[in-house]
>>> print(open('entry-v8.txt').read())   # compact mmCIF, C-alpha atoms
# COMPACT_ATOMS: atom_id res chain seq x y z
CA MET Q 1 17.17 -24.42 22.80
CA VAL Q 2 17.51 -21.62 20.26
CA MET Q 3 15.95 -23.80 17.60
CA GLN Q 4 13.02 -24.63 19.91
CA PHE Q 5 12.48 -20.92 20.60
CA ARG Q 6 12.47 -20.10 16.88
CA GLN Q 7 9.99 -22.94 16.20
CA ILE Q 8 7.68 -21.71 18.96
CA ARG Q 9 7.94 -18.14 17.69
CA LEU Q 10 7.22 -19.25 14.12
CA PHE Q 11 4.18 -21.23 15.27
CA ALA Q 12 2.85 -18.24 17.20
CA TRP Q 13 3.43 -15.94 14.22
CA THR Q 14 1.68 -18.35 11.82
CA LEU Q 15 -1.24 -18.70 14.20
CA MET Q 16 -1.63 -14.93 14.49
CA LEU Q 17 -1.55 -14.55 10.70
CA ALA Q 18 -4.30 -17.12 10.44
CA LEU Q 19 -6.38 -15.31 13.07
CA VAL Q 20 -5.93 -11.97 11.31
CA ALA Q 21 -6.91 -13.55 8.01
CA THR Q 22 -10.03 -14.92 9.72
CA CYS Q 23 -10.89 -11.51 11.17
CA THR Q 24 -10.25 -9.70 7.87
CA PRO Q 25 -12.14 -11.47 5.08
CA GLY Q 26 -11.12 -10.57 1.55
CA ILE Q 27 -13.71 -8.65 -0.42
CA ALA Q 28 -13.96 -9.69 -4.07
CA GLY Q 29 -12.91 -6.86 -6.34
CA ASP Q 30 -11.14 -4.74 -3.74
CA TRP Q 31 -7.89 -2.95 -4.58
CA PRO Q 32 -6.90 -2.00 -1.01
CA GLN Q 33 -3.22 -1.09 -1.50
CA ILE Q 34 -0.48 -0.52 -4.04
CA LEU Q 35 -0.48 -3.12 -6.85
CA GLY Q 36 -3.73 -4.67 -5.66
CA PRO Q 37 -4.81 -7.34 -3.17
CA SER Q 38 -1.51 -9.27 -3.22
CA ARG Q 39 0.84 -6.42 -4.21
CA ASN Q 40 1.66 -8.08 -7.52
CA GLY Q 41 -0.48 -6.18 -10.04
CA VAL Q 42 -2.98 -9.05 -10.26
CA ALA Q 43 -6.72 -8.33 -9.90
CA THR Q 44 -8.99 -11.04 -8.53
CA ASP Q 45 -12.57 -11.93 -9.44
CA GLU Q 46 -12.68 -9.64 -12.46
CA THR Q 47 -14.40 -10.26 -15.81
CA LEU Q 48 -13.32 -7.74 -18.41
CA ALA Q 49 -15.07 -6.60 -21.56
CA THR Q 50 -12.97 -7.87 -24.47
CA THR Q 51 -14.26 -5.33 -26.99
CA TRP Q 52 -14.70 -1.58 -26.61
CA PRO Q 53 -16.62 1.09 -28.53
CA SER Q 54 -14.53 3.17 -30.93
CA GLU Q 55 -14.13 5.88 -28.30
CA GLY Q 56 -12.98 3.33 -25.72
CA PRO Q 57 -14.55 2.07 -22.50
CA PRO Q 58 -17.18 4.37 -20.96
CA LEU Q 59 -16.04 7.17 -18.66
CA LEU Q 60 -18.10 6.70 -15.50
CA TRP Q 61 -16.89 9.83 -13.71
CA LYS Q 62 -14.05 12.32 -13.43
CA ARG Q 63 -12.87 14.45 -10.48
CA ASN Q 64 -10.42 17.29 -10.00
CA VAL Q 65 -7.70 16.54 -7.46
CA GLY Q 66 -4.66 18.31 -6.09
CA ARG Q 67 -1.00 17.55 -6.70
CA GLY Q 68 0.76 14.23 -6.36
CA TYR Q 69 1.14 10.82 -7.97
CA ALA Q 70 -0.46 8.55 -5.38
CA GLY Q 71 -2.68 5.93 -6.96
CA VAL Q 72 -6.20 5.10 -5.78
CA ALA Q 73 -7.06 2.46 -3.17
CA VAL Q 74 -10.53 0.87 -3.22
CA ARG Q 75 -12.61 -1.05 -0.71
CA GLN Q 76 -16.21 -1.96 -1.55
CA GLU Q 77 -18.04 1.31 -2.29
CA GLN Q 78 -15.23 3.70 -1.33
CA ALA Q 79 -12.27 4.88 -3.40
CA ILE Q 80 -9.58 6.67 -1.41
CA LEU Q 81 -7.76 9.59 -3.08
CA PHE Q 82 -4.55 11.11 -1.69
CA TYR Q 83 -3.25 14.50 -2.86
CA ARG Q 84 -1.85 17.88 -1.83
CA ASP Q 85 -4.16 20.88 -1.94
CA ASP Q 86 -3.57 24.56 -1.15
CA ARG Q 87 -6.56 25.95 -3.03
CA ALA Q 88 -8.64 26.76 0.08
CA GLY Q 89 -5.93 28.79 1.80
CA LYS Q 90 -4.54 25.76 3.63
CA ASP Q 91 -1.52 23.77 2.48
CA GLU Q 92 -2.53 20.19 3.26
CA GLU Q 93 -2.12 16.61 2.23
CA VAL Q 94 -5.66 15.37 1.83
CA LEU Q 95 -7.23 11.95 2.11
CA GLU Q 96 -10.62 11.94 0.43
CA ALA Q 97 -13.16 9.12 0.21
CA VAL Q 98 -15.40 9.14 -2.87
CA HIS Q 99 -18.16 6.80 -3.95
CA VAL Q 100 -17.01 4.38 -6.65
CA ALA Q 101 -20.28 4.65 -8.60
CA ASP Q 102 -20.28 8.40 -9.28
CA GLY Q 103 -17.22 9.97 -7.62
CA ARG Q 104 -19.18 12.05 -5.14
CA SER Q 105 -17.23 13.04 -2.05
CA LEU Q 106 -18.02 11.16 1.16
CA TRP Q 107 -15.49 12.86 3.45
CA LYS Q 108 -12.15 14.68 3.43
CA SER Q 109 -9.39 14.72 6.00
CA GLY Q 110 -6.44 17.13 5.71
CA PHE Q 111 -3.03 17.26 7.39
CA ALA Q 112 -0.48 20.06 7.30
CA ALA Q 113 1.96 19.63 4.39
CA HIS Q 114 5.59 20.67 4.83
CA PHE Q 115 7.52 18.88 2.08
CA ALA Q 116 9.48 21.09 -0.33
CA PRO Q 117 11.25 19.11 -3.08
CA SER Q 118 14.84 19.95 -3.93
CA ILE Q 119 14.64 19.17 -7.66
CA PHE Q 120 11.13 19.73 -9.07
CA PRO Q 121 9.33 22.40 -6.99
CA ALA Q 122 5.91 21.75 -8.52
CA GLU Q 123 6.02 18.02 -7.73
CA ASP Q 124 5.40 18.27 -4.00
CA GLY Q 125 2.41 15.97 -3.58
CA PRO Q 126 2.25 12.50 -2.01
CA LEU Q 127 3.46 9.49 -3.98
CA CYS Q 128 2.37 6.50 -1.89
CA VAL Q 129 -0.88 4.59 -2.41
CA PRO Q 130 -2.90 4.45 0.84
CA ILE Q 131 -3.64 1.14 2.59
CA ILE Q 132 -7.18 0.19 3.56
CA ASP Q 133 -7.50 -2.45 6.26
CA ARG Q 134 -10.71 -3.24 8.12
CA ASN Q 135 -11.85 0.09 9.63
CA LYS Q 136 -8.69 2.13 9.00
CA ILE Q 137 -6.76 3.88 6.26
CA PHE Q 138 -3.00 4.32 6.52
CA ALA Q 139 -1.19 6.89 4.39
CA PHE Q 140 2.47 7.90 4.04
CA GLY Q 141 2.80 11.50 2.85
CA GLY Q 142 5.47 13.18 0.78
CA GLY Q 143 7.03 14.73 3.88
CA GLY Q 144 7.41 11.36 5.59
CA ASP Q 145 4.32 11.65 7.82
CA LEU Q 146 2.55 8.35 8.51
CA VAL Q 147 -1.12 8.76 9.46
CA ALA Q 148 -4.03 6.52 10.37
CA VAL Q 149 -7.64 7.65 9.89
CA ASP Q 150 -11.04 6.09 10.41
CA LEU Q 151 -12.39 4.54 7.19
CA LYS Q 152 -15.98 5.69 7.71
CA THR Q 153 -15.39 9.27 8.82
CA GLY Q 154 -11.79 10.25 8.02
CA ARG Q 155 -11.17 11.11 11.67
CA LEU Q 156 -7.46 11.22 12.51
CA LEU Q 157 -6.45 8.36 14.80
CA TRP Q 158 -2.70 9.01 15.03
CA ASN Q 159 0.13 10.74 13.18
CA ARG Q 160 3.86 9.96 13.15
CA GLU Q 161 6.30 12.47 11.60
CA LEU Q 162 8.84 9.78 10.69
CA TYR Q 163 11.11 11.92 8.51
CA ARG Q 164 11.24 14.64 11.16
CA GLU Q 165 12.08 12.02 13.78
CA TYR Q 166 14.71 10.06 11.88
CA ARG Q 167 15.96 12.18 8.96
CA ASN Q 168 16.56 15.48 10.72
CA ARG Q 169 20.12 16.66 10.06
CA GLY Q 170 20.77 19.61 12.35
CA GLY Q 171 17.33 21.09 11.81
CA THR Q 172 17.17 20.26 8.09
CA ILE Q 173 15.01 17.34 7.05
CA ASP Q 174 16.47 15.10 4.35
CA TYR Q 175 13.59 14.49 1.94
CA GLY Q 176 15.67 12.82 -0.78
CA TYR Q 177 14.99 13.56 -4.44
CA PHE Q 178 11.17 13.48 -4.46
CA GLY Q 179 10.07 13.03 -0.84
CA ALA Q 180 8.84 9.83 0.78
CA GLY Q 181 7.83 7.33 -1.88
CA SER Q 182 8.01 3.77 -0.52
CA SER Q 183 4.44 2.69 0.25
CA PRO Q 184 4.40 0.91 3.64
CA ILE Q 185 3.24 -2.68 4.02
CA LEU Q 186 0.82 -3.94 6.66
CA GLU Q 187 1.98 -7.20 8.19
CA ARG Q 188 -0.25 -8.61 10.93
CA ASP Q 189 -0.61 -5.76 13.45
CA ARG Q 190 2.18 -3.51 12.22
CA LEU Q 191 3.16 -1.24 9.36
CA LEU Q 192 6.69 -1.70 8.02
CA VAL Q 193 8.14 1.48 6.51
CA ASN Q 194 11.37 2.10 4.60
CA VAL Q 195 12.14 5.39 6.36
CA GLY Q 196 15.83 5.53 5.50
CA GLY Q 197 16.68 7.10 8.87
CA LYS Q 198 19.64 6.83 11.21
CA PRO Q 199 20.72 5.46 13.54
CA LYS Q 200 19.08 2.07 12.99
CA ALA Q 201 15.91 3.52 11.50
CA GLY Q 202 16.29 2.36 7.92
CA ILE Q 203 13.17 0.27 8.35
CA VAL Q 204 10.68 0.98 11.13
CA ALA Q 205 7.77 -1.19 12.30
CA VAL Q 206 4.84 0.84 13.67
CA ASP Q 207 1.91 -0.60 15.61
CA CYS Q 208 -1.21 -0.02 13.53
CA GLU Q 209 -3.43 0.64 16.56
CA SER Q 210 -1.27 3.07 18.53
CA GLY Q 211 1.22 4.41 15.99
CA LYS Q 212 4.09 3.55 18.33
CA ASN Q 213 7.28 1.75 17.30
CA VAL Q 214 7.40 -2.03 17.55
CA TRP Q 215 11.00 -2.18 16.34
CA GLN Q 216 13.46 -0.29 14.16
CA ALA Q 217 16.44 -1.81 12.38
CA THR Q 218 19.25 -1.32 9.82
CA ASP Q 219 20.73 1.83 8.31
CA GLU Q 220 19.24 1.11 4.87
CA GLY Q 221 18.51 4.20 2.77
CA ALA Q 222 15.01 4.88 1.50
CA SER Q 223 13.91 4.05 -2.03
CA TYR Q 224 10.67 4.50 -3.98
CA SER Q 225 9.96 0.78 -4.18
CA ALA Q 226 7.07 -0.71 -2.19
CA PRO Q 227 7.95 -3.83 -0.18
CA ILE Q 228 6.17 -7.17 -0.56
CA ALA Q 229 5.72 -10.17 1.76
CA CYS Q 230 5.92 -13.93 1.22
CA THR Q 231 6.48 -17.19 3.08
CA VAL Q 232 9.30 -19.51 1.99
CA ALA Q 233 10.21 -22.79 3.72
CA GLY Q 234 8.11 -21.79 6.70
CA GLU Q 235 9.85 -18.43 7.13
CA ARG Q 236 8.00 -15.13 6.71
CA HIS Q 237 9.86 -12.55 4.61
CA VAL Q 238 9.12 -8.89 4.04
CA ILE Q 239 11.31 -7.89 1.12
CA PHE Q 240 12.44 -4.31 0.51
CA VAL Q 241 14.38 -2.91 -2.41
CA THR Q 242 16.08 -0.06 -0.56
CA ARG Q 243 18.40 2.66 -1.86
CA TYR Q 244 21.31 0.29 -2.55
CA ASN Q 245 20.22 -3.20 -1.52
CA THR Q 246 17.53 -5.85 -1.59
CA ILE Q 247 16.87 -6.95 1.97
CA SER Q 248 14.57 -9.51 3.57
CA MET Q 249 13.32 -8.79 7.09
CA ASP Q 250 11.62 -10.95 9.69
CA PRO Q 251 8.49 -8.84 10.38
CA LEU Q 252 8.30 -10.12 13.94
CA ASP Q 253 11.55 -8.55 15.20
CA GLY Q 254 13.37 -6.88 12.28
CA HIS Q 255 15.97 -9.64 11.95
CA VAL Q 256 17.70 -9.55 8.55
CA ARG Q 257 17.16 -12.84 6.72
CA PHE Q 258 19.30 -11.94 3.72
CA ARG Q 259 20.70 -8.93 1.90
CA PHE Q 260 22.38 -8.42 -1.46
CA PRO Q 261 23.55 -5.29 -3.32
CA PHE Q 262 21.01 -3.85 -5.75
CA GLY Q 263 21.34 -0.25 -6.94
CA ARG Q 264 23.91 2.35 -7.92
CA ARG Q 265 25.19 5.54 -6.37
CA GLY Q 266 24.54 8.91 -7.95
CA PRO Q 267 21.25 10.33 -9.29
CA THR Q 268 19.54 6.93 -9.49
CA VAL Q 269 16.24 5.55 -8.23
CA ASN Q 270 15.01 2.10 -7.21
CA ALA Q 271 11.24 2.18 -7.63
CA ALA Q 272 9.78 -1.08 -9.01
CA SER Q 273 8.53 -3.56 -6.42
CA PRO Q 274 9.92 -7.09 -6.10
CA VAL Q 275 8.01 -10.00 -7.66
CA THR Q 276 7.94 -13.42 -6.00
CA VAL Q 277 6.70 -16.88 -6.90
CA ASN Q 278 7.40 -19.88 -4.68
CA ASP Q 279 11.06 -19.46 -3.64
CA LEU Q 280 12.04 -17.14 -6.52
CA LEU Q 281 12.51 -13.39 -6.12
CA PHE Q 282 12.73 -11.02 -9.10
CA THR Q 283 14.01 -7.45 -8.77
CA THR Q 284 14.50 -4.78 -11.43
CA ALA Q 285 15.66 -1.18 -11.74
CA SER Q 286 16.83 1.20 -14.43
CA TYR Q 287 19.91 3.50 -14.30
CA GLY Q 288 22.28 0.71 -15.27
CA VAL Q 289 21.11 -1.72 -12.59
CA GLY Q 290 19.04 -4.20 -14.64
CA SER Q 291 17.42 -7.31 -13.18
CA ARG Q 292 18.22 -10.17 -10.85
CA LEU Q 293 16.53 -13.49 -10.08
CA THR Q 294 17.26 -14.85 -6.61
CA ARG Q 295 16.39 -18.15 -4.96
CA MET Q 296 15.25 -17.86 -1.35
CA GLY Q 297 14.98 -20.58 1.27
CA ALA Q 298 16.05 -21.79 4.67
CA GLU Q 299 19.47 -22.88 3.39
CA ASN Q 300 20.07 -19.33 2.12
CA ALA Q 301 18.69 -17.50 5.12
CA GLN Q 302 21.95 -15.88 6.20
CA ALA Q 303 22.72 -12.23 5.45
CA ASP Q 304 24.48 -11.77 2.10
CA ASN Q 305 23.84 -15.41 1.20
CA ALA Q 306 20.73 -15.49 -1.01
CA GLN Q 307 21.40 -17.60 -4.08
CA LYS Q 308 21.70 -15.69 -7.36
CA VAL Q 309 20.11 -17.51 -10.31
CA TRP Q 310 20.92 -14.84 -12.91
CA ALA Q 311 21.61 -11.13 -12.95
CA ASP Q 312 22.18 -8.74 -15.84
CA ASP Q 313 20.22 -6.41 -18.12
CA ARG Q 314 18.75 -9.15 -20.33
CA GLY Q 315 15.38 -9.07 -18.50
CA PHE Q 316 14.10 -5.61 -17.62
CA ALA Q 317 15.54 -2.31 -16.52
CA SER Q 318 12.30 -0.80 -15.26
CA GLN Q 319 12.37 2.77 -14.01
CA TYR Q 320 9.37 2.59 -11.70
CA ASN Q 321 6.69 0.19 -12.98
CA THR Q 322 6.49 -3.38 -11.69
CA PRO Q 323 6.04 -6.18 -14.25
CA VAL Q 324 3.27 -8.78 -13.78
CA LEU Q 325 3.82 -12.53 -13.78
CA HIS Q 326 1.66 -15.01 -15.67
CA GLN Q 327 2.47 -18.71 -16.13
CA GLY Q 328 6.20 -18.23 -15.74
CA TYR Q 329 6.54 -15.10 -17.90
CA LEU Q 330 6.88 -11.45 -16.89
CA TYR Q 331 5.19 -8.64 -18.83
CA GLY Q 332 6.26 -5.02 -18.41
CA THR Q 333 8.26 -2.11 -19.77
CA ASP Q 334 12.02 -1.79 -20.03
CA GLY Q 335 13.60 1.67 -19.98
CA ARG Q 336 12.99 5.18 -18.69
CA ALA Q 337 10.45 7.92 -19.24
CA ASP Q 338 13.04 10.71 -19.15
CA VAL Q 339 15.85 9.23 -21.27
CA GLY Q 340 15.33 7.50 -24.61
CA THR Q 341 12.22 5.41 -25.14
CA ALA Q 342 10.94 2.41 -23.24
CA SER Q 343 9.95 -0.90 -24.80
CA LEU Q 344 7.26 -3.40 -23.87
CA ARG Q 345 8.70 -6.84 -23.15
CA CYS Q 346 7.83 -10.37 -22.25
CA ILE Q 347 10.62 -12.32 -20.54
CA HIS Q 348 10.99 -15.85 -19.24
CA LEU Q 349 11.34 -15.55 -15.48
CA ARG Q 350 13.69 -18.46 -14.84
CA THR Q 351 16.19 -17.55 -17.57
CA GLY Q 352 15.69 -13.82 -18.20
CA LYS Q 353 15.35 -14.54 -21.91
CA VAL Q 354 13.44 -11.84 -23.83
CA MET Q 355 10.62 -13.66 -25.62
CA TRP Q 356 9.45 -10.62 -27.56
CA GLU Q 357 9.86 -6.85 -27.48
CA LEU Q 358 7.87 -3.91 -28.83
CA ALA Q 359 10.28 -1.02 -29.26
CA ASP Q 360 9.34 2.64 -28.68
CA PHE Q 361 6.27 1.61 -26.71
CA GLY Q 362 6.71 4.04 -23.82
CA VAL Q 363 6.61 3.56 -20.06
CA ALA Q 364 3.46 1.78 -18.90
CA ALA Q 365 1.82 0.14 -15.90
CA VAL Q 366 0.38 -3.35 -16.36
CA ILE Q 367 -2.49 -5.05 -14.52
CA LEU Q 368 -3.28 -8.74 -14.99
CA ALA Q 369 -6.97 -9.64 -14.80
CA ASP Q 370 -9.32 -12.31 -16.16
CA PRO Q 371 -6.54 -13.14 -17.42
CA HIS Q 372 -5.88 -10.23 -19.73
CA LEU Q 373 -3.29 -7.49 -19.63
CA LEU Q 374 -4.60 -3.98 -19.02
CA ILE Q 375 -1.73 -1.73 -20.08
CA VAL Q 376 -1.91 1.94 -19.08
CA ARG Q 377 0.71 3.98 -20.91
CA ALA Q 378 2.11 7.19 -19.49
CA ASP Q 379 0.68 9.10 -22.48
CA GLY Q 380 -2.89 8.13 -21.53
CA LYS Q 381 -3.44 5.24 -23.93
CA LEU Q 382 -5.10 2.07 -22.61
CA ILE Q 383 -4.45 -1.27 -24.31
CA LEU Q 384 -6.11 -4.62 -23.67
CA ALA Q 385 -3.96 -7.59 -24.65
CA ALA Q 386 -3.72 -11.33 -24.15
CA PRO Q 387 -0.78 -12.57 -22.04
CA ASN Q 388 0.98 -14.37 -24.88
CA SER Q 389 4.62 -15.40 -24.47
CA GLU Q 390 5.12 -15.84 -28.23
CA LYS Q 391 3.98 -12.43 -29.47
CA PHE Q 392 2.31 -9.18 -28.49
CA ALA Q 393 -1.41 -9.86 -28.85
CA PRO Q 394 -3.46 -6.62 -28.50
CA GLN Q 395 -7.25 -6.89 -28.51
CA ALA Q 396 -8.42 -3.29 -28.04
CA GLU Q 397 -6.97 0.16 -27.44
CA ALA Q 398 -8.18 3.68 -26.71
CA GLN Q 399 -6.71 7.09 -25.95
CA LEU Q 400 -8.34 7.82 -22.60
CA VAL Q 401 -6.66 11.07 -21.56
CA ASN Q 402 -4.17 13.51 -23.03
CA GLY Q 403 -2.25 14.21 -19.83
CA THR Q 404 0.70 12.35 -18.35
CA ILE Q 405 -0.09 9.37 -16.15
CA ARG Q 406 2.56 8.47 -13.58
CA ALA Q 407 0.30 7.29 -10.75
CA LEU Q 408 -0.34 3.55 -10.65
CA PRO Q 409 -3.79 2.48 -11.86
CA ALA Q 410 -6.30 0.47 -9.80
CA LEU Q 411 -8.94 -2.04 -10.90
CA SER Q 412 -11.96 -2.89 -8.78
CA ALA Q 413 -15.28 -4.51 -9.72
CA GLY Q 414 -14.90 -3.64 -13.40
CA ARG Q 415 -13.84 -0.04 -12.74
CA LEU Q 416 -10.40 1.20 -13.80
CA PHE Q 417 -9.09 4.20 -11.85
CA ILE Q 418 -6.33 6.29 -13.41
CA ARG Q 419 -4.85 9.66 -12.49
CA ASP Q 420 -3.05 12.38 -14.42
CA GLN Q 421 -1.66 15.68 -13.10
CA ASN Q 422 -5.06 17.19 -12.26
CA HIS Q 423 -7.78 14.54 -12.33
CA VAL Q 424 -8.84 11.07 -11.29
CA TYR Q 425 -10.85 9.16 -13.90
CA CYS Q 426 -13.02 6.08 -13.48
CA TYR Q 427 -13.62 3.95 -16.59
CA GLY Q 428 -15.88 0.95 -16.97
CA VAL Q 429 -13.78 -1.95 -18.28
CA GLY Q 430 -15.78 -4.80 -16.75
CA ALA Q 431 -18.06 -6.97 -18.87
CA GLU Q 432 -21.10 -6.23 -16.71
CA ILE Q 433 -20.55 -2.47 -16.84
CA ALA Q 434 -20.05 -2.62 -20.62
CA HIS Q 435 -23.34 -4.53 -20.95
CA GLU Q 436 -25.18 -1.97 -18.81
CA SER Q 437 -23.70 0.85 -20.89
CA LYS Q 438 -24.88 -0.74 -24.14
CA SER Q 439 -28.35 -1.31 -22.68
CA ALA Q 440 -28.54 2.33 -21.59
CA GLU Q 441 -27.49 3.46 -25.08
CA LYS Q 442 -30.21 1.38 -26.72
CA ALA Q 443 -32.80 2.67 -24.27
CA GLY Q 444 -31.74 6.24 -25.07
CA THR Q 445 -32.15 5.74 -28.78
>>> encode(input="entry-v8.txt", output="structure tokens")
Amino acid sequence: MVMQFRQIRLFAWTLMLALVATCTPGIAGDWPQILGPSRNGVATDETLATTWPSEGPPLLWKRNVGRGYAGVAVRQEQAILFYRDDRAGKDEEVLEAVHVADGRSLWKSGFAAHFAPSIFPAEDGPLCVPIIDRNKIFAFGGGGDLVAVDLKTGRLLWNRELYREYRNRGGTIDYGYFGAGSSPILERDRLLVNVGGKPKAGIVAVDCESGKNVWQATDEGASYSAPIACTVAGERHVIFVTRYNTISMDPLDGHVRFRFPFGRRGPTVNAASPVTVNDLLFTTASYGVGSRLTRMGAENAQADNAQKVWADDRGFASQYNTPVLHQGYLYGTDGRADVGTASLRCIHLRTGKVMWELADFGVAAVILADPHLLIVRADGKLILAAPNSEKFAPQAEAQLVNGTIRALPALSAGRLFIRDQNHVYCYGVGAEIAHESKSAEKAGT
């Protein structure tokens, strides 16, 4: 009887996912959430320019923004910026829609900011990339406020003060080291959020229409890693790297499918997102944690019983950037931005073997497109390279900005969006944009 119920529930869940997919067609070139359309750093339907002028790809536009490290989300003609701004006499977290072609503002929507960091006072802006879905934008601010606004107008639809609700310790809100930093995931009709609250509010599912709770479960602490979703052996998993564990949840009811330890106590951070392919799950963190490859499946779907394939520091120890996967190999950076120097690596996923390493490279975010690797270093250098498992194969490079880039980049319709401490930049890296730029240059001469 229990098995029949689970089969019926699974069928209903699968049907609803199919209906949602039918109602929400994918738009070629969109970057609607953290790490792109599939939350894996892979851009779809992109054709990149493989050569650049000596000064690099053309700068299409540049805008001043407030504080924070939230990357840009893009849907069709709108890019959504998320930052903290107190320049107009109000202290607010601001969602702003700008036109992708020229950066002009389309609308702004502000919400009272109340997060005060305990370690770095100046770093009090939002960290999470917004989510764009159909006619709504969802954003999770630095103070743990989850908001929904209308995509066309920016009108506030609902607001949940999740940290105030679930992390209030006798009148003092526990913001952690840097505030809320785990970008929520939209699964069917609900947002799943690693709140890190108690009791039983480690992960909270919020209805995307009303903002009300669907379920809340576990006492898992909050991390800075964004969850991902996948289906294995007919079971839907939403996988979180939390403060001390990797945990798979059933998005329907919050049931824990499996959990294993991943993290260390003390001043440490889990921030890179998981990477999945078929039934394999890859997780990585710095601070002495390293990497782990796990096999998922129905036979392993009991708590604390996911099958470890390998686990040590031979793969990556990534501080906050997520590696990208191409033909069985992972490309990304190993190491930290604040201690020592990070290296660029290629590793074999199934064994963890380091295929090649470029020492003293620096922390960088990687996007896979076309397929090429677009590598955005924290020092503002952009590198185009081939995904080659035998050697590092750069094709072009340019120093785009002189500031520090910690926000994750976005790629949409040939436009690369990057953000430093004070600005958002849009560069033309697509083949069509490069051709138009060359034509305009010739016409000007």
>>> closest_residue(input="entry-v8.txt", among="Q:Ile239, Q:Ala217, Q:Ile228, Q:Leu325", to="His348 in chain Q", atoms="only C-alpha atoms")
Q:Leu325
>>> closest_residue(input="entry-v8.txt", among="Q:Asp370, Q:Glu165, Q:Asp102, Q:Glu123", to="Leu60 in chain Q", atoms="all atoms listed in the file")
Q:Asp102
>>> residues_around(input="entry-v8.txt", residues="Asp360 in chain Q", least_positions_apart="3", cutoff="12 Å", atoms="all atoms listed in the file", output="tab-separated table (two decimals) with C-alpha atoms, keeping the file's coordinate frame")
chain	number	residue	atom	x	y	z
Q	333	THR	CA	8.26	-2.11	-19.77
Q	334	ASP	CA	12.02	-1.79	-20.03
Q	335	GLY	CA	13.60	1.67	-19.98
Q	336	ARG	CA	12.99	5.18	-18.69
Q	337	ALA	CA	10.45	7.92	-19.24
Q	339	VAL	CA	15.85	9.23	-21.27
Q	340	GLY	CA	15.33	7.50	-24.61
Q	341	THR	CA	12.22	5.41	-25.14
Q	342	ALA	CA	10.94	2.41	-23.24
Q	343	SER	CA	9.95	-0.90	-24.80
Q	344	LEU	CA	7.26	-3.40	-23.87
Q	345	ARG	CA	8.70	-6.84	-23.15
Q	357	GLU	CA	9.86	-6.85	-27.48
Q	363	VAL	CA	6.61	3.56	-20.06
Q	364	ALA	CA	3.46	1.78	-18.90
Q	377	ARG	CA	0.71	3.98	-20.91
>>> closest_residue(input="entry-v8.txt", among="Q:Lys198, Q:Arg67, Q:Arg134, Q:Arg87", to="His423 in chain Q", atoms="only C-alpha atoms")
Q:Arg67
>>> atom_distance(input="entry-v8.txt", atom1="CA of Gly221 in chain Q", atom2="CA of Gly202 in chain Q")
5.9 Å
>>> atom_distance(input="entry-v8.txt", atom1="CA of Phe120 in chain Q", atom2="CA of Ala271 in chain Q")
17.6 Å
>>> closest_residue(input="entry-v8.txt", among="Q:Phe178, Q:Phe417, Q:Phe361, Q:Trp356", to="Glu390 in chain Q", atoms="only C-alpha atoms")
Q:Trp356
>>> residues_near_point(input="entry-v8.txt", point="(14.6, 9.8, -5.0)", cutoff="6 Å", atoms="only C-alpha atoms", output="CSV table (one decimal) with C-alpha atoms, in the coordinates of the input")
chain,number,residue,atom,x,y,z
Q,176,GLY,CA,15.7,12.8,-0.8
Q,177,TYR,CA,15.0,13.6,-4.4
Q,178,PHE,CA,11.2,13.5,-4.5
Q,269,VAL,CA,16.2,5.6,-8.2
>>> closest_residue(input="entry-v8.txt", among="Q:Arg75, Q:Lys136, Q:His372, Q:Lys381", to="His326 in chain Q", atoms="only C-alpha atoms")
Q:His372
>>> closest_residue(input="entry-v8.txt", among="Q:Val289, Q:Ala73, Q:Val214, Q:Ile80", to="Trp107 in chain Q", atoms="all atoms listed in the file")
Q:Ile80
>>> atom_distance(input="entry-v8.txt", atom1="CA of Arg264 in chain Q", atom2="CA of Thr322 in chain Q")
18.7 Å
